[in-house]
>>> print(open('final-v8.txt').read())   # compact mmCIF, C-alpha atoms and all ligand atoms
# COMPACT_ATOMS: atom_id res chain seq x y z
CA MET T 80 120.30 81.90 102.12
CA ALA T 81 121.26 83.53 105.37
CA THR T 82 120.75 87.00 103.89
CA ASN T 83 117.30 86.00 102.65
CA GLN T 84 116.28 84.79 106.08
CA VAL T 85 117.47 88.01 107.70
CA ALA T 86 115.59 90.10 105.17
CA GLN T 87 112.40 88.10 105.71
CA THR T 88 112.29 88.79 109.44
CA PRO T 89 111.12 92.38 109.65
CA ALA T 90 113.19 94.55 111.97
CA ILE T 91 111.11 96.48 114.52
CA SER T 92 111.55 100.26 114.47
CA PRO T 93 109.83 102.10 117.33
CA LEU T 94 106.99 104.51 116.50
CA THR T 95 106.93 107.99 118.00
CA ILE T 96 103.35 109.17 117.75
CA LYS T 97 101.69 112.46 118.62
CA GLU T 98 97.89 112.81 118.66
CA ARG T 99 95.99 115.95 119.57
CA THR T 100 93.15 118.27 118.53
CA GLY T 101 93.58 121.67 116.88
CA SER T 102 95.75 123.35 114.27
CA ILE T 103 98.87 121.76 112.84
CA SER T 104 102.08 123.76 113.36
CA THR T 105 105.07 124.12 111.06
CA ALA T 106 107.33 122.98 113.94
CA GLU T 107 105.45 119.65 114.05
CA ILE T 108 105.70 119.22 110.28
CA ILE T 109 109.44 119.87 110.42
CA SER T 110 109.76 117.28 113.25
CA ILE T 111 108.34 114.66 110.88
CA LEU T 112 110.69 115.78 108.08
CA LYS T 113 113.65 115.44 110.42
CA GLY T 114 112.55 111.98 111.61
CA GLU T 115 111.92 113.10 115.21
CA ILE T 116 108.26 111.99 115.08
CA THR T 117 106.93 109.01 113.06
CA ALA T 118 103.31 110.10 112.92
CA LEU T 119 101.16 113.05 113.83
CA HIS T 120 97.36 112.82 114.03
CA ILE T 121 95.53 116.10 114.41
CA SER T 122 91.78 115.92 115.02
CA GLN T 123 89.46 118.72 113.88
CA ALA T 124 92.34 120.29 111.96
CA PHE T 125 90.19 121.90 109.26
CA SER T 126 86.56 122.97 109.09
CA THR T 127 83.66 120.63 108.37
CA GLU T 128 82.30 123.19 105.92
CA VAL T 129 85.48 122.97 103.81
CA ALA T 130 85.47 119.17 104.24
CA GLN T 131 81.91 118.92 102.90
CA GLU T 132 82.58 121.24 99.97
CA ILE T 133 85.63 119.15 98.91
CA THR T 134 83.66 115.90 99.21
CA THR T 135 80.72 117.18 97.13
CA ASN T 136 83.11 118.47 94.47
CA PHE T 137 85.12 115.21 94.41
CA VAL T 138 82.02 113.06 93.91
CA GLY T 139 80.70 115.32 91.14
CA SER T 140 84.08 115.99 89.48
CA SER T 141 84.36 115.52 85.71
CA GLY T 142 88.02 114.65 86.41
CA LEU T 143 87.12 111.67 88.65
CA LYS T 144 88.81 108.49 87.35
CA GLU T 145 89.27 104.84 88.25
CA ARG T 146 92.86 103.79 89.04
CA LYS T 147 94.27 101.29 86.54
CA ASP T 148 97.70 100.69 88.11
CA GLY T 149 96.81 97.74 90.33
CA VAL T 150 95.77 99.85 93.36
CA PRO T 151 91.94 99.80 93.64
CA GLY T 152 90.50 103.27 94.03
CA GLN T 153 89.12 106.40 92.41
CA TYR T 154 91.01 109.65 92.11
CA VAL T 155 91.16 113.26 91.01
CA GLY T 156 94.70 114.46 90.24
CA ALA T 157 97.92 112.65 89.34
CA SER T 158 100.07 109.95 90.99
CA HIS T 159 103.76 109.49 90.16
CA TYR T 160 103.50 105.82 91.22
CA ARG T 161 104.86 103.56 88.41
CA LYS T 162 105.05 106.45 85.91
CA ASP T 163 108.00 108.11 84.19
CA ALA T 164 108.45 111.80 84.82
CA ALA T 165 107.13 112.93 81.42
CA THR T 166 103.85 111.02 81.89
CA TYR T 167 103.39 112.12 85.51
CA PHE T 168 104.03 115.83 84.95
CA LYS T 169 101.80 115.91 81.84
CA GLU T 170 99.01 114.26 83.84
CA ALA T 171 99.55 116.71 86.70
CA GLU T 172 99.20 119.66 84.28
CA ASN T 173 96.02 118.20 82.75
CA ALA T 174 94.47 117.43 86.14
CA ARG T 175 95.23 120.83 87.73
CA PRO T 176 91.88 122.47 86.92
CA HIS T 177 90.08 119.47 88.46
CA VAL T 178 92.25 119.54 91.60
CA ASP T 179 91.71 123.30 91.99
CA ALA T 180 87.95 122.83 91.48
CA LEU T 181 87.76 120.48 94.51
CA PHE T 182 87.93 123.56 96.76
CA GLY T 183 85.28 125.62 94.95
CA ASN T 184 85.66 129.21 96.09
CA LEU T 185 86.84 128.27 99.61
CA VAL T 186 90.43 128.55 100.85
CA ASP T 187 92.40 125.36 100.09
CA PRO T 188 93.70 124.07 103.47
CA VAL T 189 96.42 121.93 101.86
CA ARG T 190 97.85 124.95 100.02
CA ALA T 191 97.60 126.98 103.24
CA LEU T 192 99.78 124.35 104.98
CA PHE T 193 102.20 124.36 102.01
CA ASP T 194 102.46 128.18 102.13
CA ALA T 195 103.01 128.27 105.91
CA LEU T 196 105.73 125.60 105.69
CA LYS T 197 107.34 127.46 102.78
CA ARG T 198 107.53 130.68 104.84
CA GLU T 199 109.01 128.88 107.86
CA LEU T 200 111.59 126.90 105.86
CA HIS T 201 112.55 130.08 103.98
CA LYS T 202 113.47 131.68 107.32
CA GLN T 203 115.76 128.70 107.91
CA GLY T 204 117.44 129.10 104.50
CA VAL T 205 115.56 126.17 102.93
CA GLU T 206 113.49 126.44 99.75
CA LEU T 207 110.18 124.55 99.51
CA ARG T 208 108.67 124.11 96.05
CA LEU T 209 106.62 121.75 93.89
CA ALA T 210 108.65 119.12 92.03
CA CYS T 211 108.88 119.91 88.32
CA SER T 212 110.41 118.95 84.99
CA GLU T 213 110.38 120.34 81.46
CA HIS T 214 106.93 118.72 81.13
CA GLY T 215 105.28 120.60 83.99
CA LYS T 216 105.00 120.70 87.74
CA ALA T 217 103.29 118.69 90.46
CA ASN T 218 99.96 119.68 92.03
CA VAL T 219 99.67 120.46 95.73
CA CYS T 220 97.51 117.35 96.33
CA ARG T 221 95.41 114.60 94.79
CA GLY T 222 92.06 113.26 95.97
CA LEU T 223 91.73 109.49 96.55
CA SER T 224 88.95 107.16 97.56
CA TRP T 225 90.20 103.60 98.17
CA SER T 226 87.96 100.76 97.09
CA GLY T 227 89.85 97.60 98.02
CA SER T 228 87.49 95.05 99.61
CA GLY T 229 88.51 92.81 102.49
CA THR T 230 90.82 93.40 105.44
CA TYR T 231 92.27 96.53 103.84
CA SER T 232 90.78 99.11 101.51
CA LEU T 233 94.40 100.12 100.78
CA ASP T 234 96.89 97.29 101.31
CA PRO T 235 99.95 97.71 103.56
CA HIS T 236 102.76 99.50 101.69
CA ASP T 237 105.55 102.02 102.06
CA ASP T 238 105.80 105.28 100.11
CA VAL T 239 109.59 105.21 99.66
CA ALA T 240 110.06 102.41 97.09
CA GLN T 241 108.15 104.38 94.45
CA VAL T 242 110.36 107.41 95.12
CA LEU T 243 113.63 105.45 95.16
CA ARG T 244 112.60 103.80 91.90
CA ALA T 245 111.22 106.95 90.29
CA GLY T 246 114.17 107.09 87.87
CA ASN T 247 116.82 109.59 86.92
CA ASP T 248 114.45 111.80 84.98
CA TYR T 249 112.79 112.74 88.30
CA GLU T 250 114.41 115.35 90.54
CA LEU T 251 112.58 113.83 93.54
CA SER T 252 114.47 110.48 93.59
CA SER T 253 117.03 111.89 96.04
CA VAL T 254 114.28 112.46 98.65
CA ALA T 255 114.12 108.66 99.12
CA HIS T 256 117.37 108.86 101.09
CA ASN T 257 115.69 111.19 103.60
CA THR T 258 112.25 111.11 105.23
CA VAL T 259 109.40 110.92 102.70
CA ALA T 260 106.62 112.72 104.59
CA ALA T 261 103.10 111.66 103.60
CA LEU T 262 100.43 114.26 104.30
CA ASN T 263 96.77 113.23 104.47
CA PHE T 264 93.75 115.52 104.87
CA TYR T 265 90.46 113.64 105.41
CA PRO T 266 87.40 115.50 104.05
CA SER T 267 85.14 112.47 104.47
CA MET T 268 85.29 109.23 106.45
CA SER T 269 83.38 105.95 106.19
CA GLU T 270 81.00 105.10 109.04
CA GLU T 271 83.18 102.23 110.22
CA GLY T 272 86.77 101.25 109.50
CA GLY T 273 88.95 103.24 107.13
CA ASN T 274 91.52 103.57 109.91
CA LEU T 275 95.12 104.33 109.07
CA ARG T 276 97.24 101.46 110.43
CA LEU T 277 100.95 101.99 110.94
CA TRP T 278 103.43 99.15 111.57
CA SER T 279 106.67 99.40 113.57
CA HIS T 280 108.72 98.55 110.51
CA LYS T 281 110.67 100.62 108.00
CA PRO T 282 111.63 98.26 105.15
CA THR T 283 115.09 98.30 103.60
CA VAL T 284 115.83 97.56 99.94
CA ALA T 285 116.69 93.97 101.02
CA ASP T 286 113.32 93.65 102.82
CA ARG T 287 111.49 94.81 99.69
CA LYS T 288 113.44 92.39 97.49
CA SER T 289 112.55 89.52 99.82
CA GLN T 290 108.88 90.43 99.50
CA GLY T 291 108.96 91.00 95.73
CA VAL T 292 107.96 94.66 96.13
CA GLU T 293 111.32 96.27 95.33
CA THR T 294 109.99 98.79 92.82
CA THR T 295 106.52 99.42 94.26
CA GLY T 296 106.66 99.00 98.06
CA TYR T 297 103.16 97.50 97.63
CA PRO T 298 101.63 95.27 98.91
CA TYR T 299 103.22 93.70 102.01
CA LEU T 300 101.49 90.44 102.93
CA ALA T 301 99.79 89.81 106.27
CA ALA T 302 102.18 86.91 106.96
CA TYR T 303 105.21 89.23 106.66
CA LEU T 304 103.71 91.75 109.09
CA ALA T 305 102.16 89.23 111.50
CA ALA T 306 104.80 89.63 114.23
CA VAL T 307 105.19 93.40 113.83
CA PRO T 308 103.41 95.64 116.39
CA CYS T 309 101.12 98.26 114.90
CA ARG T 310 99.07 101.31 115.87
CA GLU T 311 95.85 102.53 114.36
CA PHE T 312 94.47 106.03 113.88
CA GLN T 313 90.70 106.39 114.10
CA LEU T 314 90.02 109.19 111.68
CA LYS T 315 87.12 111.60 111.31
CA ALA T 316 86.26 114.14 108.61
CA GLY T 317 88.37 117.23 109.28
CA ASP T 318 91.41 115.31 110.57
CA ILE T 319 95.00 115.43 109.31
CA ALA T 320 97.49 112.56 109.54
CA LEU T 321 101.12 113.25 108.69
CA ILE T 322 103.41 110.22 108.72
CA ASP T 323 106.91 109.11 107.84
CA GLY T 324 105.91 107.24 104.67
CA GLY T 325 108.92 104.92 105.01
CA PHE T 326 107.04 102.97 107.70
CA VAL T 327 104.60 100.34 106.43
CA HIS T 328 101.02 101.62 106.53
CA GLY T 329 97.62 100.73 105.11
CA VAL T 330 93.92 101.56 105.40
CA THR T 331 91.56 99.10 107.09
CA GLY T 332 88.41 97.83 105.41
CA GLN T 333 85.38 100.08 105.41
CA SER T 334 81.74 99.45 106.11
CA GLY T 335 78.52 101.38 106.36
CA ASN T 336 76.55 102.24 103.25
CA GLY T 337 76.55 106.00 103.54
CA ARG T 338 79.64 108.18 103.42
CA ARG T 339 82.66 107.36 101.32
CA ARG T 340 86.19 107.81 102.66
CA LEU T 341 88.11 110.57 100.90
CA VAL T 342 91.74 111.58 101.43
CA LEU T 343 93.73 114.47 99.99
CA ASN T 344 97.28 113.17 99.83
CA SER T 345 100.69 114.70 99.08
CA PHE T 346 104.35 113.80 99.67
CA PHE T 347 107.33 115.98 100.53
CA GLY T 348 110.89 115.72 101.78
CA PHE T 349 114.44 117.04 101.65
CA ALA T 350 116.07 116.60 98.23
CA ARG T 351 119.11 118.57 99.47
CA PRO T 352 119.85 120.25 102.81
CA ASP T 353 118.58 123.53 101.28
CA LEU T 354 115.66 122.15 99.21
CA VAL T 355 112.37 120.45 100.13
CA LEU T 356 110.33 119.08 97.20
CA TRP T 357 106.57 118.47 97.22
CA TRP T 358 104.63 116.18 94.86
CA THR T 359 101.79 113.68 94.64
O1 LIG T 401 94.33 107.08 102.76
C1 LIG T 401 95.17 107.06 103.66
O2 LIG T 401 94.87 107.24 104.85
C2 LIG T 401 96.64 106.82 103.34
C3 LIG T 401 96.99 107.04 101.90
C4 LIG T 401 98.33 106.50 101.52
O3 LIG T 401 98.97 105.81 102.27
C5 LIG T 401 98.90 106.78 100.19
O4 LIG T 401 98.24 107.43 99.36
O5 LIG T 401 100.05 106.36 99.93
FE FE T 402 100.97 105.55 101.57
>>> encode(input="final-v8.txt", output="structure tokens", more="lines below")
Ligand SMILES: O=C(O)CCC(=O)C(=O)O
Ligand SMILES: [Fe+2]
Amino acid sequence: MATNQVAQTPAISPLTIKERTGSISTAEIISILKGEITALHISQAFSTEVAQEITTNFVGSSGLKERKDGVPGQYVGASHYRKDAATYFKEAENARPHVDALFGNLVDPVRALFDALKRELHKQGVELRLACSEHGKANVCRGLSWSGSGTYSLDPHDDVAQVLRAGNDYELSSVAHNTVAALNFYPSMSEEGGNLRLWSHKPTVADRKSQGVETTGYPYLAAYLAAVPCREFQLKAGDIALIDGGFVHGVTGQSGNGRRRLVLNSFFGFARPDLVLWWT
């Protein structure tokens, strides 16, 4: 009983947040990976021209699908969430032409970040590569448009449970013991809402068990988070948010009948001291 009660009172972990305008640097990305910063919000981090091209291509994509895994939203690409490695990597292979097509003939800013980080880590004796298996390899990103209605368009969750529970057939499971960095590029933003909310809480396995979200990390109920301080990022098209995905986060409800919110999301983290894996 006592253990249950402890697990149900969320421990507060302080947030270290950096917000600025401009270009993201590899030093900042590595600070997130090492757990020195919890969240980084960079405004006007990539061009509105690229943002518009990606949005137009997402909306018109023949690879655009409705999620059927209990998380309301539309997507282009593949998600490892609740899938075995064979299924995920096959889906990633099949979706690759659609993910590539999101960028048209413009330079893909997510791949540019990946390449810059790869060069910097290489200098430090660390390899960065896409997660893979005999069935294929991950894509650099996936496009997502959340459609939950109510307080949140994407309910509060953490990104670590799904990695911890990915299973032995995934090489990325070991990243769950280090920082799982969640990278978000925003090509389009709703008129109101659609903020990224981050709570001062990094759930443990016991916390997840107490909330019945041990394997998914999704969703944490409002009652559980009620006493936990939070911060919110007001996002615009062209922004990047990079967070420690172990902290609970969610996307607030959206309104306005014009633009739809679109995020390009990827995950990465240390699998070994000399290896950083990247996946979606
Ligand atoms: O859309 C966002 O801002 C966050 C996305 C996210 O948390 C996720 O895909 O796990
Ligand atoms: Fe997330």
>>> closest_atom_pairs(input="final-v8.txt", of="chain T", to="ligand FE 402 (chain T)", cutoff="7 Å", atoms="all atoms listed in the file", output="tab-separated table")
residue	atom	partner	partner_atom	distance
T:His236	CA	T:FE402	FE	6.3
T:Asp237	CA	T:FE402	FE	5.8
T:Asp238	CA	T:FE402	FE	5.1
T:Ala261	CA	T:FE402	FE	6.8
T:Gly324	CA	T:FE402	FE	6.1
T:His328	CA	T:FE402	FE	6.3
T:Gly329	CA	T:FE402	FE	6.9
>>> closest_residue(input="final-v8.txt", among="T:Arg340, T:Arg208, T:Arg175, T:Lys113", to="ligand LIG 401 (chain T)", atoms="only C-alpha atoms and all ligand atoms")
T:Arg340
>>> residues_near_ligand(input="final-v8.txt", ligand="ligand LIG 401 (chain T)", cutoff="10 Å", atoms="all atoms listed in the file", output="PyMOL selection string")
chain T and resi 150+158+160+221-225+232-239+241+261-265+268+273-277+297+312+314+319-322+324+327-331+340-346+359
>>> closest_residue(input="final-v8.txt", among="T:Val129, T:Phe326, T:Thr295, T:Glu250", to="T:Asp148", atoms="only C-alpha atoms")
T:Thr295
>>> closest_residue(input="final-v8.txt", among="T:Glu170, T:Glu293, T:Asp248, T:Glu199", to="T:Gly142", atoms="all atoms listed in the file")
T:Glu170
>>> atom_distance(input="final-v8.txt", atom1="atom CA of T:Glu128", atom2="atom CA of T:Arg338")
15.4 Å
>>> residues_around(input="final-v8.txt", residues="T:Leu181", least_positions_apart="4", cutoff="12 Å", atoms="all atoms listed in the file", output="MDAnalysis selection string")
chainID T and resid 129:143 154:156 174:177 185:189 219:223 266 341:343
>>> closest_residue(input="final-v8.txt", among="T:Trp278, T:Tyr299, T:Tyr231, T:Tyr167", to="T:Ala210", atoms="only C-alpha atoms")
T:Tyr167
>>> residues_around(input="final-v8.txt", residues="T:Thr100", least_positions_apart="3", cutoff="10 Å", atoms="all atoms listed in the file", output="list of chain:residue names")
T:Ile103, T:His120, T:Ile121, T:Ser122, T:Gln123, T:Ala124, T:Asp318, T:Ile319
>>> closest_residue(input="final-v8.txt", among="T:Val178, T:Ala118, T:Ala217, T:Leu192", to="T:Gly325", atoms="only C-alpha atoms")
T:Ala118
>>> decode(input="final-v8.txt", residues="stretch 217-230 of chain T", atoms="all heavy atoms", output="short mmCIF file (atom, residue, chain, number, x, y, z; two decimals), in the first residue's frame")
data_model
loop_
_atom_site.label_atom_id
_atom_site.label_comp_id
_atom_site.auth_asym_id
_atom_site.auth_seq_id
_atom_site.Cartn_x
_atom_site.Cartn_y
_atom_site.Cartn_z
N ALA T 217 15.15 3.07 -39.83
CA ALA T 217 14.21 4.14 -39.50
C ALA T 217 14.33 5.28 -40.51
O ALA T 217 15.35 5.42 -41.19
CB ALA T 217 14.51 4.65 -38.09
N ASN T 218 13.29 6.11 -40.58
CA ASN T 218 13.38 7.36 -41.35
C ASN T 218 13.86 8.47 -40.44
O ASN T 218 13.83 8.35 -39.22
CB ASN T 218 12.00 7.71 -41.92
CG ASN T 218 11.54 6.69 -42.94
OD1 ASN T 218 12.32 6.26 -43.79
ND2 ASN T 218 10.29 6.28 -42.85
N VAL T 219 14.28 9.58 -41.04
CA VAL T 219 14.80 10.70 -40.25
C VAL T 219 13.67 11.38 -39.45
O VAL T 219 13.90 11.89 -38.38
CB VAL T 219 15.57 11.69 -41.16
CG1 VAL T 219 15.99 12.93 -40.39
CG2 VAL T 219 16.79 11.00 -41.74
N CYS T 220 12.44 11.38 -39.98
CA CYS T 220 11.32 11.96 -39.23
C CYS T 220 10.00 11.36 -39.68
O CYS T 220 9.95 10.55 -40.60
CB CYS T 220 11.30 13.48 -39.39
SG CYS T 220 10.89 14.04 -41.05
N ARG T 221 8.94 11.77 -39.01
CA ARG T 221 7.57 11.45 -39.42
C ARG T 221 6.76 12.72 -39.26
O ARG T 221 7.07 13.56 -38.39
CB ARG T 221 6.99 10.31 -38.56
CG ARG T 221 7.01 10.65 -37.09
CD ARG T 221 6.61 9.50 -36.18
NE ARG T 221 6.77 9.98 -34.80
CZ ARG T 221 5.94 9.75 -33.79
NH1 ARG T 221 4.88 9.00 -33.99
NH2 ARG T 221 6.16 10.25 -32.60
N GLY T 222 5.74 12.89 -40.07
CA GLY T 222 4.87 14.06 -39.96
C GLY T 222 3.62 13.68 -39.20
O GLY T 222 3.06 12.60 -39.43
N LEU T 223 3.17 14.55 -38.27
CA LEU T 223 2.00 14.24 -37.44
C LEU T 223 1.11 15.46 -37.28
O LEU T 223 1.61 16.57 -37.08
CB LEU T 223 2.45 13.81 -36.05
CG LEU T 223 3.22 12.49 -35.93
CD1 LEU T 223 4.10 12.51 -34.70
CD2 LEU T 223 2.26 11.33 -35.91
N SER T 224 -0.19 15.21 -37.36
CA SER T 224 -1.15 16.27 -37.09
C SER T 224 -2.14 15.71 -36.07
O SER T 224 -2.89 14.78 -36.38
CB SER T 224 -1.84 16.66 -38.40
OG SER T 224 -2.74 17.70 -38.19
N TRP T 225 -2.07 16.22 -34.83
CA TRP T 225 -2.90 15.66 -33.75
C TRP T 225 -4.33 16.11 -33.89
O TRP T 225 -4.59 17.27 -34.21
CB TRP T 225 -2.35 16.09 -32.39
CG TRP T 225 -0.91 15.81 -32.22
CD1 TRP T 225 0.10 16.70 -32.07
CD2 TRP T 225 -0.29 14.51 -32.21
NE1 TRP T 225 1.31 16.04 -31.96
CE2 TRP T 225 1.09 14.70 -32.06
CE3 TRP T 225 -0.77 13.19 -32.34
CZ2 TRP T 225 2.00 13.63 -32.01
CZ3 TRP T 225 0.13 12.14 -32.30
CH2 TRP T 225 1.48 12.36 -32.13
N SER T 226 -5.28 15.20 -33.58
CA SER T 226 -6.68 15.59 -33.75
C SER T 226 -7.52 15.33 -32.51
O SER T 226 -8.74 15.30 -32.60
CB SER T 226 -7.26 14.88 -34.96
OG SER T 226 -7.07 13.49 -34.84
N GLY T 227 -6.88 15.12 -31.35
CA GLY T 227 -7.66 14.95 -30.13
C GLY T 227 -8.48 16.21 -29.87
O GLY T 227 -8.00 17.32 -30.13
N SER T 228 -9.73 16.03 -29.36
CA SER T 228 -10.55 17.21 -29.12
C SER T 228 -10.70 17.36 -27.60
O SER T 228 -10.76 16.37 -26.90
CB SER T 228 -11.92 17.04 -29.76
OG SER T 228 -12.52 15.87 -29.29
N GLY T 229 -10.72 18.57 -27.12
CA GLY T 229 -10.84 18.78 -25.68
C GLY T 229 -9.65 19.56 -25.17
O GLY T 229 -9.05 20.35 -25.90
N THR T 230 -9.29 19.32 -23.90
CA THR T 230 -8.20 20.08 -23.27
C THR T 230 -6.89 19.89 -24.03
O THR T 230 -6.09 20.81 -24.16
CB THR T 230 -8.01 19.60 -21.81
OG1 THR T 230 -9.28 19.55 -21.19
CG2 THR T 230 -7.12 20.55 -21.03
#
